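> Structure provided below as structure tokens; questions to follow.
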Amino acid sequence: MSAGWVAGAVRAKALVSRCPGIDGAREIARGPTLDDALRRLATTPYAGYTRPAADLRHAQRAVSATLLWHLRVLAGWLPGGGARLLVPLAAGFEIANVAARLTTPGGGRAEAPDPYRLGALETAWRSLERARTPAGIRATLAASPWGDPGADTPWALVTGMRMSAARRTAVAVRPAGRWARGRAVLLAAREVFVHHRSLPEPVLRDATRLLGSRATAAVTYREFRERLPSSASWALEGADEPGELWRAEARWWRTVGSDGAALLREGRYGPRVVVGAVALLSVDAWRVRAALGSAARGGRPGDVFDALV
């Protein structure tokens with residue numbers, strides 16, 4: 001194993017060791033106000049981006065920005081070409097940038113939040129940032145590793161990117177393939193059986209690659225669950241109805257966390273340790289965002305928060 005991978009793995013483990021974890025998230029969630037939660041957050045690695053008196057939306061975005069910064073730092077420690085391993089895992093930030101452009105009231109850029117700066121972890125953001133219209137965004141996506149989303153409506157653009165991210169992760173980051181298929185399950189189930197939308201052809205094609213044609217041809221939610229391959233069916237365990245998908249989402253995050261911890265415990269200095277660290281850093285940020293939401297609502301974490309974390 002090269003010295004670069006050893007250094008990257010050591011750095012990855014160090015970043016994870018500083019996370020607040022479940023206990024820290026529960027303490028933040030108790031509030032009893034958002035300002036109290038932010039003061040607690042000031043003793044964690046998220047302190048550099050979060051400040052007291054921020055509203056909930058800005059505080060949660062700051063937590064996500066901290067995660068991105070940690071991923072960029074980690075990428076900088078990896079050997080030449082190693083950062084490519086993290087690009088699909090950071091795809092959510094590029095999707096968020098595009099979504100913010102598409103959902104800003106009135107379509108104006110002035111109201112949109114500052115975009116996440118991905119550096120070496122971007123896929124096509126510098127080109128996407130220059131696109132002026134949804135049609136331009138679609139054309140840019142089609143000419144990039146993202147691929148054509150199939151239409152230029154805001155929903156189609158974002159959904160196409162999300163399914164593409166799952167497909168790219170499954171192909172390029174083998175230790176994360178199980179998570180990618182689980183994410184594809186949740187995305188397809190929510191769009192088809194909650195929102196009753198037909199997936200655009202390119203999105204359906206990516207979903208079929210990950211889940212099989214029998215599942216993606218299902219007419220009912222029950223059929224969809226029953227036809228999923230064993231490598232993906234775990235994602236809907238305990239979610240007997242489409243209305244229970246939020247529980248499946250929480251289960252997905254917990255699975256990513258437990259799998260990531262197992263990868264980190266392997267002890268070998270290589271890509272699997274780094275992927276495990278990225279998983280744990282991502283889960284911690286997700287948990288802290290949920291904790292901030294609990295604090296903003298009065299700091300009384302209950303059954304829903306327990307189900308999440």
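Here, A, B, ... name the chains of the structure tokens in the order displayed, residue numbers run from 1 inside each chain, and ligands are numbered from 1 in the same displayed order.
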Check region 184-263 of chain A with DSSP on the backbone and list each residue it calls helix (DSSP H, G or I), as a ChimeraX atom specification.
/A:184-194,201-211,213-216,221-227,230-236,242-263
> For Arg57 (chain A), list every protein, DNA or RNA residue within 12 Å, evaluated using only C-alpha atoms, and leave out those in the same chain fewer than 4 positions away; present the list as a list in words.
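Listed by chain and then number, they are Leu34, Thr50, Ala53, Arg61, Ala62, Val63, Ser64, Pro113, Arg289, Ala290, Leu292, Gly293 and Ala296 of chain A.
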> From the set A:Leu186, A:Ala131, A:Val274, A:Leu67, which residue has the shortest atom-to-atom contact distance to Ala232 (chain A), counting only C-alpha atoms?
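Looking at the shortest contact to Ala232 (chain A), the residue is A:Leu186.
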> At a cut-off of 9 Å, can you tabulate as a Markdown table every residue of region 133-198 of chain A near region 241-252 of chain A together with its closest atom pair and the distance in Å to one decimal, using only C-alpha atoms and ordering rows by chain then number?

| residue | atom | partner | partner_atom | distance |
| --- | --- | --- | --- | --- |
| A:Trp179 | CA | A:Trp252 | CA | 7.5 |
| A:Gly182 | CA | A:Trp252 | CA | 7.0 |
| A:Arg183 | CA | A:Trp252 | CA | 7.6 |
| A:Leu186 | CA | A:Glu249 | CA | 7.1 |
| A:Ala189 | CA | A:Pro242 | CA | 7.3 |
| A:Arg190 | CA | A:Pro242 | CA | 7.2 |
| A:Phe193 | CA | A:Pro242 | CA | 6.4 |
| A:Val194 | CA | A:Pro242 | CA | 6.1 |
> With N, CA and C atoms kept, could you save the residues just selected as an mmCIF file, in the first residue's frame?

data_model
loop_
_atom_site.group_PDB
_atom_site.id
_atom_site.type_symbol
_atom_site.label_atom_id
_atom_site.label_comp_id
_atom_site.auth_asym_id
_atom_site.auth_seq_id
_atom_site.Cartn_x
_atom_site.Cartn_y
_atom_site.Cartn_z
ATOM 1 N N TRP A 179 -25.003 0.603 -0.592
ATOM 2 C CA TRP A 179 -25.696 1.852 -0.247
ATOM 3 C C TRP A 179 -26.310 2.478 -1.492
ATOM 4 N N GLY A 182 -29.460 0.718 -2.372
ATOM 5 C CA GLY A 182 -30.497 1.105 -1.420
ATOM 6 C C GLY A 182 -31.033 2.495 -1.699
ATOM 7 N N ARG A 183 -30.160 3.408 -2.054
ATOM 8 C CA ARG A 183 -30.590 4.763 -2.388
ATOM 9 C C ARG A 183 -31.472 4.753 -3.630
ATOM 10 N N LEU A 186 -35.004 3.659 -2.657
ATOM 11 C CA LEU A 186 -35.785 4.696 -1.982
ATOM 12 C C LEU A 186 -36.223 5.779 -2.949
ATOM 13 N N ALA A 189 -38.983 4.282 -5.256
ATOM 14 C CA ALA A 189 -40.221 4.041 -4.512
ATOM 15 C C ALA A 189 -40.947 5.343 -4.213
ATOM 16 N N ARG A 190 -40.201 6.354 -3.817
ATOM 17 C CA ARG A 190 -40.850 7.622 -3.462
ATOM 18 C C ARG A 190 -41.444 8.305 -4.692
ATOM 19 N N PHE A 193 -44.375 5.630 -6.216
ATOM 20 C CA PHE A 193 -45.502 5.168 -5.401
ATOM 21 C C PHE A 193 -45.993 6.186 -4.369
ATOM 22 N N VAL A 194 -45.238 7.257 -4.153
ATOM 23 C CA VAL A 194 -45.725 8.346 -3.299
ATOM 24 C C VAL A 194 -46.188 9.514 -4.157
#
> Looking at A:Asn97, A:Ser144, A:Ser17, A:Thr66, which one is nearest to Ala285 (chain A), with distances taken over only C-alpha atoms?
A:Thr66
> Between CA of Leu74 (chain A) and CA of Gly24 (chain A), measure the distance and give it in Å to one decimal.
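Between CA of Leu74 (chain A) and CA of Gly24 (chain A) the gap works out to 22.8 Å.
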> So that I can check the surroundings of Ala184 (chain A), please list as a PyMOL selection string every protein, DNA and RNA residue that reaches within 12 Å of it, counting only C-alpha atoms and ignoring chain neighbours fewer than 4 positions away.
chain A and resi 159-170+177-180+188-192+203-212+215-216+228+231-233+235-236+249+252
> Work out how far apart CA of Tyr269 (chain A) and CA of Asp284 (chain A) are and give it in Å to one decimal.
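Separation between CA of Tyr269 (chain A) and CA of Asp284 (chain A): 22.0 Å.
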> As an exercise, work out the distance from CA of Gly147 (chain A) to CA of Thr123 (chain A) in Å and give it to one decimal place.
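One can read the CA of Gly147 (chain A) to CA of Thr123 (chain A) distance as 11.2 Å.
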> Just the residues within 9 Å of Pro45 (chain A), please, counting only C-alpha atoms, with nothing from its chain fewer than 4 positions along; format it as number ranges by chain.
A: 15, 18-20, 41, 49, 66
> Which is closest to Arg30 (chain A) among A:Gly92, A:Pro115, A:Gly4, A:Gly298, if we use only C-alpha atoms?
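Of the candidates, the smallest distance to Arg30 (chain A) is held by A:Gly298.
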